[in-house]
>>> print(open('target22.cif').read())   # mmCIF, C-alpha atoms and all ligand atoms
data_model
#
loop_
_atom_site.label_atom_id
_atom_site.label_comp_id
_atom_site.auth_asym_id
_atom_site.auth_seq_id
_atom_site.Cartn_x
_atom_site.Cartn_y
_atom_site.Cartn_z
CA MET A 1404 80.44 -9.57 37.82
CA ASN A 1405 82.35 -11.53 40.42
CA SER A 1406 80.31 -14.24 42.08
CA ARG A 1407 80.40 -14.22 45.85
CA ILE A 1408 78.14 -17.25 45.73
CA CYS A 1409 80.88 -19.69 44.72
CA GLU A 1410 83.03 -18.59 47.64
CA LEU A 1411 80.16 -18.58 50.12
CA LEU A 1412 79.11 -22.14 49.24
CA ASN A 1413 82.43 -23.60 48.13
CA ILE A 1414 81.11 -24.54 44.66
CA GLU A 1415 82.72 -24.10 41.24
CA TYR A 1416 79.89 -22.51 39.24
CA PRO A 1417 77.07 -20.22 40.41
CA ILE A 1418 74.36 -22.56 39.13
CA PHE A 1419 71.74 -23.98 41.49
CA GLN A 1420 69.48 -26.84 40.44
CA GLY A 1421 65.96 -25.80 41.39
CA ALA A 1422 64.26 -27.91 44.04
CA MET A 1423 61.34 -29.60 42.31
CA ALA A 1424 58.94 -31.32 44.68
CA ARG A 1425 58.88 -35.14 44.26
CA ILE A 1426 61.51 -34.86 41.51
CA SER A 1427 64.75 -33.41 42.86
CA ASP A 1428 66.19 -36.45 44.65
CA ALA A 1429 69.72 -37.62 45.50
CA SER A 1430 70.32 -38.78 41.91
CA LEU A 1431 69.68 -35.36 40.37
CA ALA A 1432 71.18 -33.26 43.17
CA ALA A 1433 74.40 -35.29 43.40
CA ALA A 1434 74.87 -35.17 39.61
CA VAL A 1435 74.55 -31.38 39.57
CA SER A 1436 76.92 -30.99 42.52
CA GLU A 1437 79.42 -33.40 40.94
CA ALA A 1438 79.29 -31.21 37.81
CA GLY A 1439 80.29 -28.16 39.89
CA GLY A 1440 76.89 -26.55 40.53
CA LEU A 1441 74.73 -26.75 43.64
CA GLY A 1442 72.38 -29.74 43.59
CA ILE A 1443 69.34 -29.36 45.83
CA ILE A 1444 67.15 -32.13 47.24
CA ALA A 1445 63.49 -31.08 47.42
CA GLY A 1446 61.73 -31.67 50.74
CA GLY A 1447 58.37 -30.86 49.18
CA THR A 1448 55.65 -32.47 51.27
CA ALA A 1449 57.67 -35.67 51.81
CA PRO A 1450 58.14 -37.29 55.24
CA VAL A 1451 61.40 -36.49 57.04
CA ASP A 1452 62.63 -40.09 56.78
CA TYR A 1453 62.44 -39.99 52.98
CA VAL A 1454 64.36 -36.71 52.82
CA ARG A 1455 66.97 -37.96 55.29
CA ALA A 1456 67.50 -41.08 53.18
CA GLU A 1457 68.00 -38.94 50.07
CA VAL A 1458 70.52 -36.77 51.93
CA ARG A 1459 72.47 -39.90 52.92
CA LYS A 1460 72.36 -41.23 49.34
CA ALA A 1461 73.62 -37.91 48.01
CA LYS A 1462 76.53 -38.01 50.48
CA GLU A 1463 77.45 -41.42 49.04
CA LEU A 1464 77.28 -40.09 45.47
CA THR A 1465 79.28 -36.87 45.95
CA LYS A 1466 81.70 -35.31 48.39
CA LYS A 1467 80.81 -31.85 47.04
CA PRO A 1468 78.32 -29.54 48.79
CA PHE A 1469 74.61 -29.92 48.05
CA GLY A 1470 71.50 -28.34 49.53
CA VAL A 1471 68.07 -29.28 50.84
CA ASN A 1472 64.98 -27.19 50.07
CA ILE A 1473 62.32 -26.93 52.75
CA MET A 1474 58.83 -26.17 51.47
CA LEU A 1475 57.47 -24.29 54.45
CA LEU A 1476 53.81 -25.16 53.82
CA SER A 1477 54.69 -28.81 54.46
CA GLU A 1478 53.51 -30.33 57.74
CA ASN A 1479 56.98 -31.94 57.89
CA ALA A 1480 58.89 -28.64 57.71
CA ASP A 1481 59.81 -28.62 61.44
CA ALA A 1482 61.17 -32.17 61.29
CA ILE A 1483 63.15 -31.56 58.08
CA ALA A 1484 64.51 -28.30 59.54
CA ALA A 1485 65.97 -30.29 62.46
CA MET A 1486 67.14 -33.17 60.25
CA VAL A 1487 69.37 -30.93 58.08
CA CYS A 1488 71.26 -29.97 61.24
CA GLU A 1489 71.70 -33.61 62.31
CA GLU A 1490 72.90 -34.62 58.84
CA GLU A 1491 75.28 -31.66 58.55
CA VAL A 1492 73.74 -30.38 55.32
CA LYS A 1493 75.72 -27.34 54.15
CA VAL A 1494 73.01 -25.27 52.43
CA VAL A 1495 69.27 -24.85 52.99
CA THR A 1496 66.94 -23.07 50.60
CA THR A 1497 63.32 -22.40 51.55
CA GLY A 1498 60.11 -21.83 49.61
CA ALA A 1499 56.53 -20.75 50.14
CA GLY A 1500 57.07 -18.91 53.41
CA ALA A 1501 59.46 -17.27 55.88
CA PRO A 1502 61.97 -19.51 57.75
CA GLY A 1503 62.68 -17.01 60.57
CA LYS A 1504 61.95 -19.42 63.41
CA TYR A 1505 64.66 -21.88 62.24
CA MET A 1506 67.33 -19.30 61.49
CA GLU A 1507 69.20 -19.39 64.81
CA MET A 1508 69.32 -23.21 64.86
CA TRP A 1509 70.63 -23.34 61.29
CA LYS A 1510 73.24 -20.63 61.94
CA ASP A 1511 74.43 -22.51 65.03
CA HIS A 1512 75.08 -25.51 62.75
CA GLY A 1513 76.97 -23.43 60.18
CA ILE A 1514 74.27 -23.89 57.54
CA LYS A 1515 74.03 -21.27 54.79
CA VAL A 1516 70.39 -20.18 54.43
CA ILE A 1517 69.06 -18.98 51.09
CA PRO A 1518 65.29 -18.32 50.95
CA VAL A 1519 63.31 -18.05 47.72
CA VAL A 1520 61.54 -14.68 47.60
CA PRO A 1521 58.88 -13.27 45.25
CA SER A 1522 59.09 -9.56 46.20
CA VAL A 1523 61.38 -6.81 47.51
CA ALA A 1524 59.62 -6.54 50.88
CA ILE A 1525 59.95 -10.28 51.55
CA ALA A 1526 63.61 -10.23 50.40
CA LYS A 1527 64.40 -7.44 52.89
CA ARG A 1528 62.61 -9.29 55.68
CA MET A 1529 64.59 -12.49 54.97
CA VAL A 1530 67.89 -10.61 55.03
CA ARG A 1531 66.96 -8.92 58.33
CA SER A 1532 66.27 -12.35 59.80
CA GLY A 1533 69.73 -13.60 58.72
CA ALA A 1534 69.59 -14.94 55.14
CA ASP A 1535 73.05 -15.39 53.58
CA ALA A 1536 71.69 -14.78 50.06
CA VAL A 1537 68.25 -14.77 48.42
CA ILE A 1538 66.81 -16.46 45.36
CA ALA A 1539 64.65 -13.95 43.45
CA GLU A 1540 62.12 -16.16 41.68
CA GLY A 1541 60.03 -14.69 38.88
CA THR A 1542 56.60 -15.86 37.82
CA GLU A 1543 58.08 -17.64 34.78
CA SER A 1544 58.98 -20.49 37.15
CA GLY A 1545 57.16 -23.77 37.43
CA GLY A 1546 55.24 -24.72 40.55
CA HIS A 1547 54.15 -22.23 43.21
CA VAL A 1548 54.73 -18.75 41.76
CA GLY A 1549 54.61 -15.07 42.65
CA GLU A 1550 53.38 -12.20 40.46
CA LEU A 1551 56.51 -10.39 39.24
CA THR A 1552 58.68 -11.43 36.31
CA THR A 1553 62.35 -12.26 36.71
CA MET A 1554 63.24 -9.24 34.53
CA VAL A 1555 61.70 -6.76 36.98
CA LEU A 1556 62.22 -8.65 40.24
CA VAL A 1557 65.95 -9.30 40.08
CA PRO A 1558 67.25 -5.72 39.67
CA GLN A 1559 64.87 -4.41 42.32
CA ILE A 1560 66.00 -7.00 44.85
CA VAL A 1561 69.66 -6.43 43.89
CA ASP A 1562 69.15 -2.73 44.73
CA ALA A 1563 67.38 -3.51 47.99
CA VAL A 1564 69.71 -6.00 49.71
CA ALA A 1565 73.48 -6.31 50.25
CA VAL A 1566 73.62 -10.13 50.11
CA PRO A 1567 74.10 -12.00 46.81
CA VAL A 1568 70.97 -12.47 44.68
CA ILE A 1569 70.36 -15.64 42.69
CA ALA A 1570 67.95 -15.25 39.77
CA ALA A 1571 65.32 -17.90 39.10
CA GLY A 1572 62.42 -18.25 36.70
CA GLY A 1573 62.67 -18.42 32.93
CA ILE A 1574 66.37 -19.32 32.78
CA GLY A 1575 67.19 -22.39 30.68
CA ASP A 1576 70.40 -21.72 28.77
CA GLY A 1577 73.52 -19.53 28.66
CA ARG A 1578 71.59 -16.56 27.29
CA GLY A 1579 69.37 -16.61 30.35
CA ILE A 1580 72.36 -16.90 32.66
CA ALA A 1581 74.11 -13.97 30.96
CA ALA A 1582 70.92 -11.89 31.14
CA ALA A 1583 70.51 -12.64 34.84
CA PHE A 1584 74.08 -11.49 35.51
CA MET A 1585 73.38 -8.29 33.56
CA LEU A 1586 70.49 -7.64 35.95
CA GLY A 1587 72.89 -7.88 38.88
CA ALA A 1588 72.38 -11.50 39.89
CA GLU A 1589 75.45 -13.37 41.15
CA GLY A 1590 74.01 -16.80 40.48
CA VAL A 1591 71.10 -18.55 38.80
CA GLN A 1592 68.69 -21.28 39.79
CA ILE A 1593 67.47 -23.55 37.02
CA GLY A 1594 64.74 -26.17 37.36
CA THR A 1595 62.93 -27.00 34.13
CA ARG A 1596 66.09 -27.57 32.08
CA PHE A 1597 67.16 -30.31 34.50
CA LEU A 1598 63.85 -32.20 34.12
CA THR A 1599 65.18 -33.92 31.00
CA ALA A 1600 68.59 -34.73 32.50
CA HIS A 1601 69.61 -38.39 32.32
CA GLU A 1602 70.01 -38.35 36.11
CA CYS A 1603 66.49 -36.95 36.64
CA THR A 1604 64.24 -39.80 37.77
CA VAL A 1605 60.92 -38.19 36.78
CA HIS A 1606 58.64 -40.47 34.66
CA PRO A 1607 59.63 -40.59 30.94
CA ASN A 1608 56.13 -39.32 29.96
CA TYR A 1609 56.80 -36.16 32.01
CA LYS A 1610 60.13 -35.67 30.22
CA GLN A 1611 58.44 -36.09 26.84
CA LYS A 1612 55.87 -33.41 27.71
CA ILE A 1613 58.73 -31.00 28.51
CA LEU A 1614 60.49 -31.87 25.24
CA ASN A 1615 57.26 -31.23 23.29
CA ALA A 1616 56.24 -28.03 25.11
CA LYS A 1617 55.75 -24.80 23.17
CA ASP A 1618 55.97 -21.19 24.38
CA ILE A 1619 52.31 -20.84 25.40
CA ASP A 1620 51.87 -24.32 26.87
CA THR A 1621 52.02 -23.39 30.59
CA VAL A 1622 49.20 -21.94 32.67
CA VAL A 1623 48.82 -20.73 36.25
CA THR A 1624 45.92 -22.24 38.17
CA GLY A 1625 44.97 -21.76 41.82
CA ARG A 1626 45.14 -17.94 41.95
CA SER A 1627 41.66 -17.94 43.51
CA THR A 1628 42.75 -20.30 46.30
CA GLY A 1629 45.90 -18.34 47.19
CA HIS A 1630 48.20 -21.11 45.90
CA PRO A 1631 48.97 -20.18 42.30
CA VAL A 1632 50.83 -23.02 40.56
CA ARG A 1633 52.30 -23.05 37.03
CA THR A 1634 51.95 -26.33 35.12
CA LEU A 1635 51.77 -27.52 31.54
CA LYS A 1636 48.23 -27.30 30.17
CA ASN A 1637 46.33 -30.60 30.23
CA LYS A 1638 42.95 -32.03 31.25
CA LEU A 1639 43.72 -31.35 34.92
CA SER A 1640 44.60 -27.68 34.37
CA ARG A 1641 41.44 -27.21 32.29
CA LYS A 1642 39.37 -28.76 35.09
CA PHE A 1643 41.04 -26.38 37.57
CA ALA A 1644 40.25 -23.39 35.35
CA GLU A 1645 36.61 -24.50 34.97
CA LEU A 1646 36.13 -24.89 38.73
CA GLU A 1647 37.76 -21.54 39.42
CA ALA A 1648 35.66 -19.77 36.76
CA SER A 1649 32.49 -21.23 38.26
CA ASN A 1650 33.50 -19.98 41.75
CA ALA A 1651 33.52 -23.52 43.15
CA PRO A 1652 34.31 -23.83 46.89
CA VAL A 1653 38.04 -23.57 47.68
CA GLN A 1654 38.04 -27.07 49.22
CA GLU A 1655 36.68 -28.57 46.02
CA ILE A 1656 39.39 -26.85 43.95
CA GLU A 1657 42.19 -27.82 46.34
CA GLN A 1658 40.92 -31.42 46.44
CA LEU A 1659 41.62 -31.64 42.70
CA GLY A 1660 45.31 -30.99 43.39
CA VAL A 1661 45.76 -33.67 46.06
CA GLY A 1662 48.06 -36.40 44.76
CA ALA A 1663 48.15 -34.81 41.31
CA LEU A 1664 51.91 -34.19 41.29
CA ALA A 1665 52.69 -37.81 42.17
CA LYS A 1666 50.30 -38.94 39.45
CA ALA A 1667 52.41 -37.15 36.84
CA VAL A 1668 55.87 -37.70 38.35
CA VAL A 1669 55.54 -41.34 39.43
CA GLN A 1670 52.77 -42.84 37.28
CA GLY A 1671 53.40 -40.73 34.18
CA ASP A 1672 49.75 -39.66 33.93
CA THR A 1673 50.19 -36.52 31.83
CA GLU A 1674 46.45 -35.82 31.45
CA PHE A 1675 45.19 -35.90 35.04
CA GLY A 1676 48.55 -35.40 36.74
CA SER A 1677 50.11 -32.02 37.60
CA ILE A 1678 53.04 -31.36 35.23
CA MET A 1679 54.76 -28.46 36.99
CA ALA A 1680 57.10 -26.67 34.58
CA GLY A 1681 58.40 -23.18 33.87
CA GLN A 1682 57.66 -21.04 30.82
CA ILE A 1683 61.14 -21.82 29.47
CA ALA A 1684 60.12 -25.49 28.88
CA ALA A 1685 59.83 -24.70 25.16
CA ILE A 1686 63.60 -24.30 24.76
CA VAL A 1687 64.32 -27.65 26.40
CA ASN A 1688 64.69 -29.93 23.40
CA LYS A 1689 67.10 -32.66 24.36
CA GLU A 1690 68.04 -35.17 27.02
CA GLN A 1691 71.56 -34.67 28.39
CA SER A 1692 73.61 -35.47 31.46
CA CYS A 1693 73.76 -32.78 34.15
CA LYS A 1694 77.42 -32.31 33.30
CA GLU A 1695 76.56 -31.72 29.62
CA ILE A 1696 73.79 -29.28 30.55
CA ILE A 1697 76.05 -27.26 32.84
CA THR A 1698 79.01 -27.26 30.43
CA GLU A 1699 76.83 -26.17 27.50
CA MET A 1700 75.14 -23.38 29.47
CA LEU A 1701 78.45 -22.09 30.88
CA THR A 1702 80.10 -22.08 27.45
CA GLU A 1703 77.22 -20.00 26.05
CA ALA A 1704 77.18 -17.62 29.04
CA GLU A 1705 80.95 -17.16 29.09
CA ALA A 1706 80.98 -16.16 25.41
CA LEU A 1707 78.24 -13.59 26.02
CA LEU A 1708 79.76 -12.18 29.21
CA HIS A 1709 83.42 -12.29 28.06
CA LYS A 1710 84.06 -14.11 31.31
CA GLU A 1711 85.67 -17.41 32.24
CA TRP A 1712 84.44 -19.51 35.10
CA ARG A 1713 86.57 -22.47 34.07
O1 LIG B 1 57.94 -22.82 46.56
C1 LIG B 1 58.10 -22.62 45.39
N1 LIG B 1 57.64 -23.43 44.41
C2 LIG B 1 56.92 -24.57 44.64
S1 LIG B 1 56.53 -25.21 46.15
C3 LIG B 1 55.73 -26.45 45.43
S2 LIG B 1 54.92 -27.70 46.34
C4 LIG B 1 53.39 -27.00 46.62
N2 LIG B 1 52.37 -27.80 46.50
C5 LIG B 1 51.14 -27.34 46.70
C6 LIG B 1 50.89 -26.02 47.06
C7 LIG B 1 51.94 -25.18 47.17
C8 LIG B 1 53.20 -25.67 46.93
C9 LIG B 1 55.79 -26.35 44.07
N3 LIG B 1 56.45 -25.29 43.66
N4 LIG B 1 58.82 -21.56 44.97
C10 LIG B 1 59.38 -20.65 45.90
C11 LIG B 1 58.43 -19.59 46.27
N5 LIG B 1 58.39 -19.07 47.43
N6 LIG B 1 57.53 -19.01 45.47
C12 LIG B 1 56.89 -18.06 46.22
C13 LIG B 1 57.46 -18.12 47.46
C14 LIG B 1 57.20 -17.34 48.64
C15 LIG B 1 55.95 -16.80 48.92
C16 LIG B 1 55.74 -16.08 50.08
C17 LIG B 1 58.25 -17.14 49.55
C18 LIG B 1 58.03 -16.41 50.69
C19 LIG B 1 56.80 -15.90 50.95
O2 LIG B 1 56.68 -15.21 52.11
C20 LIG B 1 55.47 -15.18 52.74
C21 LIG B 1 55.70 -14.70 54.14
O3 LIG B 1 55.05 -15.22 55.02
O4 LIG B 1 56.58 -13.86 54.31
#
>>> encode(input="target22.cif", output="structure tokens")
Amino acid sequence: MNSRICELLNIEYPIFQGAMARISDASLAAAVSEAGGLGIIAGGTAPVDYVRAEVRKAKELTKKPFGVNIMLLSENADAIAAMVCEEEVKVVTTGAGAPGKYMEMWKDHGIKVIPVVPSVAIAKRMVRSGADAVIAEGTESGGHVGELTTMVLVPQIVDAVAVPVIAAGGIGDGRGIAAAFMLGAEGVQIGTRFLTAHECTVHPNYKQKILNAKDIDTVVTGRSTGHPVRTLKNKLSRKFAELEASNAPVQEIEQLGVGALAKAVVQGDTEFGSIMAGQIAAIVNKEQSCKEIITEMLTEAEALLHKEWR
């Protein structure tokens, strides 16, 4: 159960903070890194100048390593891919695609590359193209999701690749961390639990929705458009479901999603905004600092695994 991840990335604990588009900024990422995990700034669909500014802020807030996530569907992916080299970012994670074309450039700059993968075949392809580790993300996650659950995905990817596997999706406390390690993971990535962190700058209405969420309160919309996204149920998700059930044109369905994440994250519109969240939202019941969250989760996991990270 040794974690190669801590050595690879020069971090204390094998806990990544999931990159949440429009949410994971310098404030959240630096707090997680300061607490000994790996904070990750989300590129999302943001312009390169915004992401660069967040990277510079994070460098002011912590001397510890942090990462940048590049959402490969973004029109700004090329520019952000070059920026992380210029800014000497230590770790890049990727989502929603294959980062093969950037791999050589990143390797030349000594960047550790850790793609998010939803299947064994994609995991193998990423490792062939040079990935240092992979994040196996189950469908329990919030945001853009694959089909397989964390429970089945993690052990299959662990068997298929030699690099360390980080488990993501449905992990929100020490029990989840311990379970992930039992499946062969050497690290975990956690998003939803950090939404209610003091250092998370998401709108308070968004945090309250997470605190109130119950087990069956998330839903996946967008399967018919090829961009399945898990959110909390609200008026927007019901509208999505209606349009999809009536076989509305893809453009009409996708139009509904434009600007919806910002509406929830920035304006706090929890009815017509997109409240991306994982299925584990129901166990998130309090607001804490990132340090408190990490300490509490590690204490629980260590007791279950008879292991000491600290
Ligand atoms: O990327 C995510 N989660 C996200 S991205 C996001 S922003 C967004 N907004 C609108 C539409 C789509 C996204 C919100 N949440 N998770 C990582 C992830 N990666 N999930 C699935 C994948 C994935 C899928 C296919 C990774 C690789 C892949 O490979 C395809 C290929 O070409 O090999």
>>> closest_residue(input="target22.cif", among="A:Gly1421, A:Pro1502, A:Gly1546, A:Gly1573", to="ligand LIG 1 (chain B)", atoms="only C-alpha atoms and all ligand atoms")
A:Gly1546
>>> residues_around(input="target22.cif", residues="Val1454 in chain A", least_positions_apart="2", cutoff="9 Å", atoms="all atoms listed in the file", output="ChimeraX atom specification")
/A:1428,1444-1446,1449-1452,1456-1459,1471,1483,1486
>>> residues_near_point(input="target22.cif", point="(63.4, -23.9, 28.3)", cutoff="8 Å", atoms="only C-alpha atoms", output="ChimeraX atom specification")
/A:1573-1576,1595-1596,1681-1688
>>> closest_residue(input="target22.cif", among="A:Gly1513, A:Asp1535, A:Thr1448, A:Lys1462", to="Leu1476 in chain A", atoms="all atoms listed in the file")
A:Thr1448
>>> closest_atom_pairs(input="target22.cif", of="chain A", to="ligand LIG 1 (chain B)", cutoff="7 Å", atoms="all atoms listed in the file", output="JSON lines")
{"residue": "A:Met1423", "atom": "CA", "partner": "B:LIG1", "partner_atom": "N3", "distance": 6.7}
{"residue": "A:Ala1424", "atom": "CA", "partner": "B:LIG1", "partner_atom": "S2", "distance": 5.7}
{"residue": "A:Gly1447", "atom": "CA", "partner": "B:LIG1", "partner_atom": "S2", "distance": 5.5}
{"residue": "A:Thr1448", "atom": "CA", "partner": "B:LIG1", "partner_atom": "S2", "distance": 6.9}
{"residue": "A:Met1474", "atom": "CA", "partner": "B:LIG1", "partner_atom": "S1", "distance": 5.9}
{"residue": "A:Leu1476", "atom": "CA", "partner": "B:LIG1", "partner_atom": "C7", "distance": 6.9}
{"residue": "A:Gly1498", "atom": "CA", "partner": "B:LIG1", "partner_atom": "O1", "distance": 3.9}
{"residue": "A:Ala1499", "atom": "CA", "partner": "B:LIG1", "partner_atom": "N5", "distance": 3.7}
{"residue": "A:Gly1500", "atom": "CA", "partner": "B:LIG1", "partner_atom": "C18", "distance": 3.8}
{"residue": "A:Ala1501", "atom": "CA", "partner": "B:LIG1", "partner_atom": "O4", "distance": 4.7}
{"residue": "A:Val1519", "atom": "CA", "partner": "B:LIG1", "partner_atom": "N5", "distance": 5.0}
{"residue": "A:Val1520", "atom": "CA", "partner": "B:LIG1", "partner_atom": "C17", "distance": 4.5}
{"residue": "A:Pro1521", "atom": "CA", "partner": "B:LIG1", "partner_atom": "C12", "distance": 5.3}
{"residue": "A:Ile1525", "atom": "CA", "partner": "B:LIG1", "partner_atom": "O4", "distance": 5.6}
{"residue": "A:Glu1540", "atom": "CA", "partner": "B:LIG1", "partner_atom": "N6", "distance": 6.6}
{"residue": "A:Gly1545", "atom": "CA", "partner": "B:LIG1", "partner_atom": "N3", "distance": 6.5}
{"residue": "A:Gly1546", "atom": "CA", "partner": "B:LIG1", "partner_atom": "N3", "distance": 3.4}
{"residue": "A:His1547", "atom": "CA", "partner": "B:LIG1", "partner_atom": "N3", "distance": 3.9}
{"residue": "A:Val1548", "atom": "CA", "partner": "B:LIG1", "partner_atom": "N6", "distance": 4.7}
{"residue": "A:Gly1549", "atom": "CA", "partner": "B:LIG1", "partner_atom": "C12", "distance": 5.2}
{"residue": "A:His1630", "atom": "CA", "partner": "B:LIG1", "partner_atom": "C7", "distance": 5.7}
{"residue": "A:Val1632", "atom": "CA", "partner": "B:LIG1", "partner_atom": "N3", "distance": 6.8}
>>> residues_around(input="target22.cif", residues="Pro1468 in chain A", least_positions_apart="6", cutoff="9 Å", atoms="only C-alpha atoms", output="NGL selection string")
:A and (1412-1414 or 1433 or 1436-1437 or 1440-1442 or 1462 or 1492-1494)
>>> atom_distance(input="target22.cif", atom1="CA of Ser1532 in chain A", atom2="CA of Arg1455 in chain A")
26.0 Å
>>> closest_residue(input="target22.cif", among="A:Ala1534, A:Ser1522, A:Ala1704, A:Val1605", to="Thr1497 in chain A", atoms="all atoms listed in the file")
A:Ala1534
>>> residues_near_point(input="target22.cif", point="(70.4, -14.8, 34.2)", cutoff="9 Å", atoms="all atoms listed in the file", output="compact mmCIF listing (two decimals) with C-alpha atoms, in the frame of the given file")
# COMPACT_ATOMS: atom_id res chain seq x y z
CA THR A 1553 62.35 -12.26 36.71
CA ILE A 1569 70.36 -15.64 42.69
CA ALA A 1570 67.95 -15.25 39.77
CA ALA A 1571 65.32 -17.90 39.10
CA GLY A 1573 62.67 -18.42 32.93
CA ILE A 1574 66.37 -19.32 32.78
CA GLY A 1575 67.19 -22.39 30.68
CA ASP A 1576 70.40 -21.72 28.77
CA GLY A 1577 73.52 -19.53 28.66
CA ARG A 1578 71.59 -16.56 27.29
CA GLY A 1579 69.37 -16.61 30.35
CA ILE A 1580 72.36 -16.90 32.66
CA ALA A 1581 74.11 -13.97 30.96
CA ALA A 1582 70.92 -11.89 31.14
CA ALA A 1583 70.51 -12.64 34.84
CA PHE A 1584 74.08 -11.49 35.51
CA MET A 1585 73.38 -8.29 33.56
CA LEU A 1586 70.49 -7.64 35.95
CA GLY A 1587 72.89 -7.88 38.88
CA ALA A 1588 72.38 -11.50 39.89
CA GLU A 1589 75.45 -13.37 41.15
CA GLY A 1590 74.01 -16.80 40.48
CA VAL A 1591 71.10 -18.55 38.80
CA GLN A 1592 68.69 -21.28 39.79
CA ALA A 1704 77.18 -17.62 29.04
>>> atom_distance(input="target22.cif", atom1="CA of Leu1431 in chain A", atom2="CA of Cys1603 in chain A")
5.2 Å
>>> atom_distance(input="target22.cif", atom1="CA of Val1435 in chain A", atom2="CA of Ala1616 in chain A")
23.6 Å
>>> closest_residue(input="target22.cif", among="A:Lys1504, A:Lys1666, A:Arg1626, A:His1601", to="Leu1646 in chain A", atoms="only C-alpha atoms")
A:Arg1626
>>> closest_residue(input="target22.cif", among="A:Leu1664, A:Val1561, A:Val1495, A:Ile1678", to="Val1622 in chain A", atoms="all atoms listed in the file")
A:Ile1678
>>> closest_residue(input="target22.cif", among="A:Leu1411, A:Leu1551, A:Asn1615, A:Ser1477", to="Lys1515 in chain A", atoms="all atoms listed in the file")
A:Leu1411
>>> residues_around(input="target22.cif", residues="Glu1695 in chain A", least_positions_apart="3", cutoff="12 Å", atoms="only C-alpha atoms", output="list of chain:residue names")
A:Ala1434, A:Val1435, A:Glu1437, A:Ala1438, A:Gly1439, A:Asp1576, A:Arg1596, A:Phe1597, A:Thr1599, A:Ala1600, A:His1601, A:Glu1602, A:Lys1689, A:Glu1690, A:Gln1691, A:Ser1692, A:Thr1698, A:Glu1699, A:Met1700, A:Leu1701, A:Thr1702
>>> decode(input="target22.cif", residues="range 1571-1582 of chain A", atoms="N, CA, C and O atoms", output="PDB file, in the first residue's frame")
ATOM      1  N   ALA A1571     -10.960   8.314  -8.474  1.00  0.00           N
ATOM      2  CA  ALA A1571     -11.814   9.493  -8.355  1.00  0.00           C
ATOM      3  C   ALA A1571     -13.258   9.096  -8.600  1.00  0.00           C
ATOM      4  O   ALA A1571     -13.539   8.154  -9.345  1.00  0.00           O
ATOM      5  N   GLY A1572     -14.168   9.827  -7.966  1.00  0.00           N
ATOM      6  CA  GLY A1572     -15.589   9.564  -8.165  1.00  0.00           C
ATOM      7  C   GLY A1572     -16.189   8.858  -6.963  1.00  0.00           C
ATOM      8  O   GLY A1572     -15.904   7.686  -6.729  1.00  0.00           O
ATOM      9  N   GLY A1573     -16.971   9.573  -6.187  1.00  0.00           N
ATOM     10  CA  GLY A1573     -17.666   8.949  -5.061  1.00  0.00           C
ATOM     11  C   GLY A1573     -16.859   8.884  -3.779  1.00  0.00           C
ATOM     12  O   GLY A1573     -17.281   8.249  -2.819  1.00  0.00           O
ATOM     13  N   ILE A1574     -15.704   9.556  -3.746  1.00  0.00           N
ATOM     14  CA  ILE A1574     -14.867   9.527  -2.542  1.00  0.00           C
ATOM     15  C   ILE A1574     -15.026  10.862  -1.806  1.00  0.00           C
ATOM     16  O   ILE A1574     -14.782  11.924  -2.380  1.00  0.00           O
ATOM     17  N   GLY A1575     -15.445  10.789  -0.531  1.00  0.00           N
ATOM     18  CA  GLY A1575     -15.674  12.037   0.197  1.00  0.00           C
ATOM     19  C   GLY A1575     -15.252  11.985   1.652  1.00  0.00           C
ATOM     20  O   GLY A1575     -15.385  12.963   2.384  1.00  0.00           O
ATOM     21  N   ASP A1576     -14.721  10.857   2.081  1.00  0.00           N
ATOM     22  CA  ASP A1576     -14.220  10.763   3.460  1.00  0.00           C
ATOM     23  C   ASP A1576     -13.175   9.655   3.550  1.00  0.00           C
ATOM     24  O   ASP A1576     -12.793   9.059   2.533  1.00  0.00           O
ATOM     25  N   GLY A1577     -12.734   9.358   4.785  1.00  0.00           N
ATOM     26  CA  GLY A1577     -11.666   8.375   4.975  1.00  0.00           C
ATOM     27  C   GLY A1577     -12.070   6.966   4.584  1.00  0.00           C
ATOM     28  O   GLY A1577     -11.230   6.172   4.171  1.00  0.00           O
ATOM     29  N   ARG A1578     -13.370   6.663   4.701  1.00  0.00           N
ATOM     30  CA  ARG A1578     -13.825   5.339   4.269  1.00  0.00           C
ATOM     31  C   ARG A1578     -13.616   5.179   2.771  1.00  0.00           C
ATOM     32  O   ARG A1578     -13.175   4.130   2.288  1.00  0.00           O
ATOM     33  N   GLY A1579     -13.947   6.209   2.032  1.00  0.00           N
ATOM     34  CA  GLY A1579     -13.767   6.166   0.576  1.00  0.00           C
ATOM     35  C   GLY A1579     -12.298   6.053   0.199  1.00  0.00           C
ATOM     36  O   GLY A1579     -11.934   5.326  -0.733  1.00  0.00           O
ATOM     37  N   ILE A1580     -11.452   6.777   0.926  1.00  0.00           N
ATOM     38  CA  ILE A1580     -10.012   6.707   0.648  1.00  0.00           C
ATOM     39  C   ILE A1580      -9.505   5.283   0.906  1.00  0.00           C
ATOM     40  O   ILE A1580      -8.804   4.699   0.078  1.00  0.00           O
ATOM     41  N   ALA A1581      -9.890   4.719   2.059  1.00  0.00           N
ATOM     42  CA  ALA A1581      -9.447   3.368   2.403  1.00  0.00           C
ATOM     43  C   ALA A1581      -9.929   2.373   1.350  1.00  0.00           C
ATOM     44  O   ALA A1581      -9.184   1.497   0.906  1.00  0.00           O
ATOM     45  N   ALA A1582     -11.183   2.512   0.935  1.00  0.00           N
ATOM     46  CA  ALA A1582     -11.745   1.604  -0.071  1.00  0.00           C
ATOM     47  C   ALA A1582     -10.966   1.705  -1.378  1.00  0.00           C
ATOM     48  O   ALA A1582     -10.651   0.685  -2.008  1.00  0.00           O
TER      49      ALA A1582
END
